[in-house]
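Here the structure is laid out as structure tokens; the discussion comes afterwards.
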Amino acid sequence: MRSKSANIRGRKPRRDAENSAKKASHGRHGGKSAAVSDGWLYGDHAVVAALANPARKFRRLVLTKNKFEALSEDTKGRIEEQLAPEFVDKDAITRLLPENAIHQGIALLPAPLPDHAIEDLLDNPDKDVQVVAVLDQVTDPQNVGAILRSAAAFNVAAVIMPDRHSPPITGVLAKAASGAVETVPIIRVGNLSRALDQLAERGFWRIGLDGQAEQELSQAVATLKKVAIVLGAEGKGLRQLTTQKCDLLAKLPISPKVESLNVSNAAAITFYELARPTD
């Protein structure tokens, strides 16, 4: 099965994202500010995955000597090839990061990842069903990170979200994604309605997840080969305009004892259902 990174072509990072990362790199160990904390990845999974991503460029790596010794030889080799690590104590790392960040003794300041676009999505004939996820104003970075992690687990080709009303790729989101930020293409769009039109033009069926839908997900996607799963915001669900753009609405077969699922849990179940082999 092809990797997700093979299904999409990269573009150059946006200038404003580059400038933001440059500002972040100017921080010093003695203080904590938005400029210092923005852009840092921290924790074992997020940092090691970023270091392994050939699309990444790096600005700074701070870690304890004990953490460096505990890393695999492959990771140590990539560090020594690409940047000069700064060995500091845990308190110095803590001062660089947002409050209560669990960094495990390692933090990395990378340059932004390349941008992706819907036009870059490539057909994958090796898959029974090609799936992309569309997030309709899902704003919680923990939820978005968890969705990315599930997307990586079940080979979702890309996650699409609006520029506005979606969280930036911060350390909190990257840690929740457990490395998936590096493997699942993230497509940010200025107009979600237009993005849904573009997906339809590329042959995707737009399936909105809605607990009040008449048919279950397995019925809705039974014969489809290209599916865009549209997930609504925490608590609010899909907006009316987004619902109107969907070809079908579908629900998960959950017990009537539970009104709804957290959006990241619903996404994981949906991706699993779509990844199951068809007879």
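Chain labels A, B, ... are given in the sequence in which chains occur in the structure tokens; within each chain residues are numbered consecutively from 1, and ligands are likewise numbered from 1 in the order shown.
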
Distance query range 195-209 of chain A at most 6 Å, only C-alpha atoms, self and fewer than 4 positions along chain excluded, as JSON, numbers by chain: {"A": [226, 227, 228, 229, 230, 231, 246, 247, 248, 249, 250, 251]}

Shell around Ala49 in chain A at 10 Å using only C-alpha atoms, local window under 6 positions removed, as a PyMOL selection string: chain A and resi 75+174+178-183

Contacts of range 118-133 of chain A at 10 Å (only C-alpha atoms; same-chain gap of 2+ positions) as a VMD selection string: chain A and resid 1 to 2 4 6 to 11 116 135 to 136 147 to 148 151 154 to 161 185 to 189 195 to 196 198 to 199 202 to 207 221 223 to 231 267 270 to 271 274 to 278

Let's have the selection written as an mmCIF file, in the first residue's frame, with C-alpha atoms.
```cif
data_model
loop_
_atom_site.group_PDB
_atom_site.id
_atom_site.type_symbol
_atom_site.label_atom_id
_atom_site.label_comp_id
_atom_site.auth_asym_id
_atom_site.auth_seq_id
_atom_site.Cartn_x
_atom_site.Cartn_y
_atom_site.Cartn_z
ATOM 1 C CA MET A 1 0.000 0.000 0.000
ATOM 2 C CA ARG A 2 1.346 3.421 -0.901
ATOM 3 C CA LYS A 4 0.143 8.971 2.154
ATOM 4 C CA ALA A 6 3.041 9.638 -2.225
ATOM 5 C CA ASN A 7 -0.515 10.816 -2.893
ATOM 6 C CA ILE A 8 0.165 14.537 -2.896
ATOM 7 C CA ARG A 9 2.730 16.994 -4.174
ATOM 8 C CA GLY A 10 4.202 19.708 -1.966
ATOM 9 C CA ARG A 11 4.468 23.448 -2.522
ATOM 10 C CA HIS A 116 -0.531 21.377 -0.081
ATOM 11 C CA LEU A 135 -13.050 19.481 8.973
ATOM 12 C CA ASP A 136 -15.793 22.095 9.209
ATOM 13 C CA ILE A 147 -7.960 13.172 13.944
ATOM 14 C CA LEU A 148 -4.589 13.407 12.203
ATOM 15 C CA ALA A 151 -5.920 9.543 9.608
ATOM 16 C CA PHE A 154 -6.037 4.287 8.473
ATOM 17 C CA ASN A 155 -4.266 5.748 5.420
ATOM 18 C CA VAL A 156 -6.460 8.802 4.868
ATOM 19 C CA ALA A 157 -4.953 10.680 1.919
ATOM 20 C CA ALA A 158 -5.287 14.218 3.351
ATOM 21 C CA VAL A 159 -7.040 16.330 5.968
ATOM 22 C CA ILE A 160 -8.662 19.512 4.639
ATOM 23 C CA MET A 161 -9.560 22.437 6.891
ATOM 24 C CA PRO A 185 -0.881 16.108 4.185
ATOM 25 C CA ILE A 186 -2.803 19.037 5.675
ATOM 26 C CA ILE A 187 -4.630 21.176 3.106
ATOM 27 C CA ARG A 188 -5.739 24.614 4.303
ATOM 28 C CA VAL A 189 -8.341 26.359 2.161
ATOM 29 C CA ALA A 195 -13.097 23.204 -1.635
ATOM 30 C CA LEU A 196 -16.058 20.831 -1.458
ATOM 31 C CA GLN A 198 -13.356 20.989 -6.092
ATOM 32 C CA LEU A 199 -13.524 17.590 -4.433
ATOM 33 C CA ARG A 202 -12.293 15.341 -8.787
ATOM 34 C CA GLY A 203 -14.810 12.537 -8.344
ATOM 35 C CA PHE A 204 -15.156 12.500 -4.547
ATOM 36 C CA TRP A 205 -18.519 11.810 -2.930
ATOM 37 C CA ARG A 206 -18.998 14.245 -0.055
ATOM 38 C CA ILE A 207 -20.426 12.377 2.943
ATOM 39 C CA VAL A 221 -20.376 4.336 1.161
ATOM 40 C CA THR A 223 -20.273 1.261 -3.609
ATOM 41 C CA LEU A 224 -18.115 4.395 -3.497
ATOM 42 C CA LYS A 225 -14.445 4.543 -4.480
ATOM 43 C CA LYS A 226 -13.575 8.162 -3.609
ATOM 44 C CA VAL A 227 -14.974 9.554 -0.360
ATOM 45 C CA ALA A 228 -14.627 12.932 1.339
ATOM 46 C CA ILE A 229 -15.809 12.534 4.939
ATOM 47 C CA VAL A 230 -17.043 15.887 6.282
ATOM 48 C CA LEU A 231 -16.847 16.297 10.066
ATOM 49 C CA ALA A 267 -13.413 10.317 12.928
ATOM 50 C CA THR A 270 -15.291 6.409 10.378
ATOM 51 C CA PHE A 271 -11.748 5.992 9.069
ATOM 52 C CA LEU A 274 -13.694 3.007 5.343
ATOM 53 C CA ALA A 275 -10.374 1.181 5.614
ATOM 54 C CA ARG A 276 -11.934 -2.261 6.002
ATOM 55 C CA PRO A 277 -11.474 -4.458 2.898
ATOM 56 C CA THR A 278 -14.547 -4.799 0.719
#
```

Atomic distance CA of Ala233 in chain A - CA of Asp140 in chain A, expressed in Å with one decimal: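 Separation between CA of Ala233 in chain A and CA of Asp140 in chain A: 8.9 Å.
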
Nearest residue to Ala153 in chain A from the set A:Val263, A:Pro98, A:Ile169, A:Val184 (distances using only C-alpha atoms):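 Counting only C-alpha atoms, the residue closest to Ala153 in chain A is A:Val184.
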
Counting only C-alpha atoms, the option among A:Leu217, A:Glu273, A:Thr170, A:Ala268 closest to Ala152 in chain A: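 Using only C-alpha atoms, the shortest distance to Ala152 in chain A belongs to A:Ala268.
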
DSSP-assigned strand (DSSP E or B) members of range 114-227 of chain A, reported as an NGL selection string: :A and (130-136 or 158-162 or 186-189 or 205-209 or 216 or 226-227)

8 Å contact set for Gly190 in chain A, only C-alpha atoms, chain neighbours under 3 positions out, as a list in words: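 So, after excluding close chain neighbours, the residues are Pro162, Asp163 and Arg164 of chain A.
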
DSSP helix (DSSP H, G or I) residues within range 55-258 of chain A, as a PyMOL selection string: chain A and resi 65-70+73-82+90-96+118-120+141-153+171-177+180-182+192-201+217-220+240-245

Among the residues A:Leu41, A:Val138, A:Ala177, A:Val172, the one that comes closest to Arg60 in chain A [using only C-alpha atoms]: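 With only C-alpha atoms as the atom set, the closest residue is A:Leu41.
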
Interatomic distance (Å, one decimal) between CA of Glu216 in chain A and CA of Pro256 in chain A: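 For CA of Glu216 in chain A relative to CA of Pro256 in chain A, the distance reads 13.8 Å.
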
Separation of CA of Leu97 in chain A from CA of Leu109 in chain A, in Å and rounded to one decimal: 10.7 Å

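Distances to Phe87 in chain A were evaluated for A:Val48, A:Leu238, A:Val62, A:Ala70 using only C-alpha atoms, and the minimum falls at A:Val62.
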
Surrounding residues of Val47 in chain A excluding itself and chain neighbours under 2 positions, 9 Å, only C-alpha atoms, as JSON, numbers by chain: {"A": [41, 42, 43, 44, 45, 49, 50, 51, 52, 106, 107, 108, 174, 175, 179]}

What does the file look like for those residues with N, CA and C atoms, as a compact mmCIF listing (two decimals), in the first residue's frame?
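Wrote it out as again_18.txt, contents follow:
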```
# COMPACT_ATOMS: atom_id res chain seq x y z
N LEU A 41 7.97 22.24 18.38
CA LEU A 41 7.45 20.90 18.57
C LEU A 41 8.16 20.31 19.78
N TYR A 42 7.46 19.49 20.54
CA TYR A 42 8.09 18.94 21.74
C TYR A 42 7.51 17.57 22.05
N GLY A 43 8.27 16.80 22.81
CA GLY A 43 7.88 15.43 23.13
C GLY A 43 8.49 14.46 22.13
N ASP A 44 8.73 13.24 22.57
CA ASP A 44 9.46 12.26 21.77
C ASP A 44 8.86 12.03 20.39
N HIS A 45 7.56 11.69 20.33
CA HIS A 45 6.96 11.29 19.05
C HIS A 45 6.97 12.42 18.03
N ALA A 49 9.50 12.24 14.76
CA ALA A 49 8.83 12.17 13.46
C ALA A 49 9.24 13.34 12.57
N ALA A 50 9.34 14.53 13.14
CA ALA A 50 9.77 15.69 12.35
C ALA A 50 11.20 15.52 11.85
N LEU A 51 12.09 15.03 12.70
CA LEU A 51 13.48 14.81 12.30
C LEU A 51 13.59 13.79 11.17
N ALA A 52 12.65 12.85 11.12
CA ALA A 52 12.67 11.81 10.10
C ALA A 52 12.02 12.24 8.79
N ILE A 106 12.97 17.29 25.34
CA ILE A 106 13.38 17.56 23.96
C ILE A 106 12.38 18.51 23.28
N ALA A 107 12.89 19.49 22.53
CA ALA A 107 12.05 20.42 21.77
C ALA A 107 12.77 20.82 20.50
N LEU A 108 11.99 20.99 19.44
CA LEU A 108 12.54 21.27 18.11
C LEU A 108 11.82 22.46 17.50
N ALA A 174 0.62 19.03 17.49
CA ALA A 174 1.58 18.04 17.01
C ALA A 174 1.78 16.91 18.01
N LYS A 175 1.77 17.24 19.29
CA LYS A 175 1.93 16.20 20.31
C LYS A 175 0.72 15.28 20.32
N GLY A 179 3.13 12.49 15.81
CA GLY A 179 3.94 12.31 14.61
C GLY A 179 3.18 12.38 13.31
```
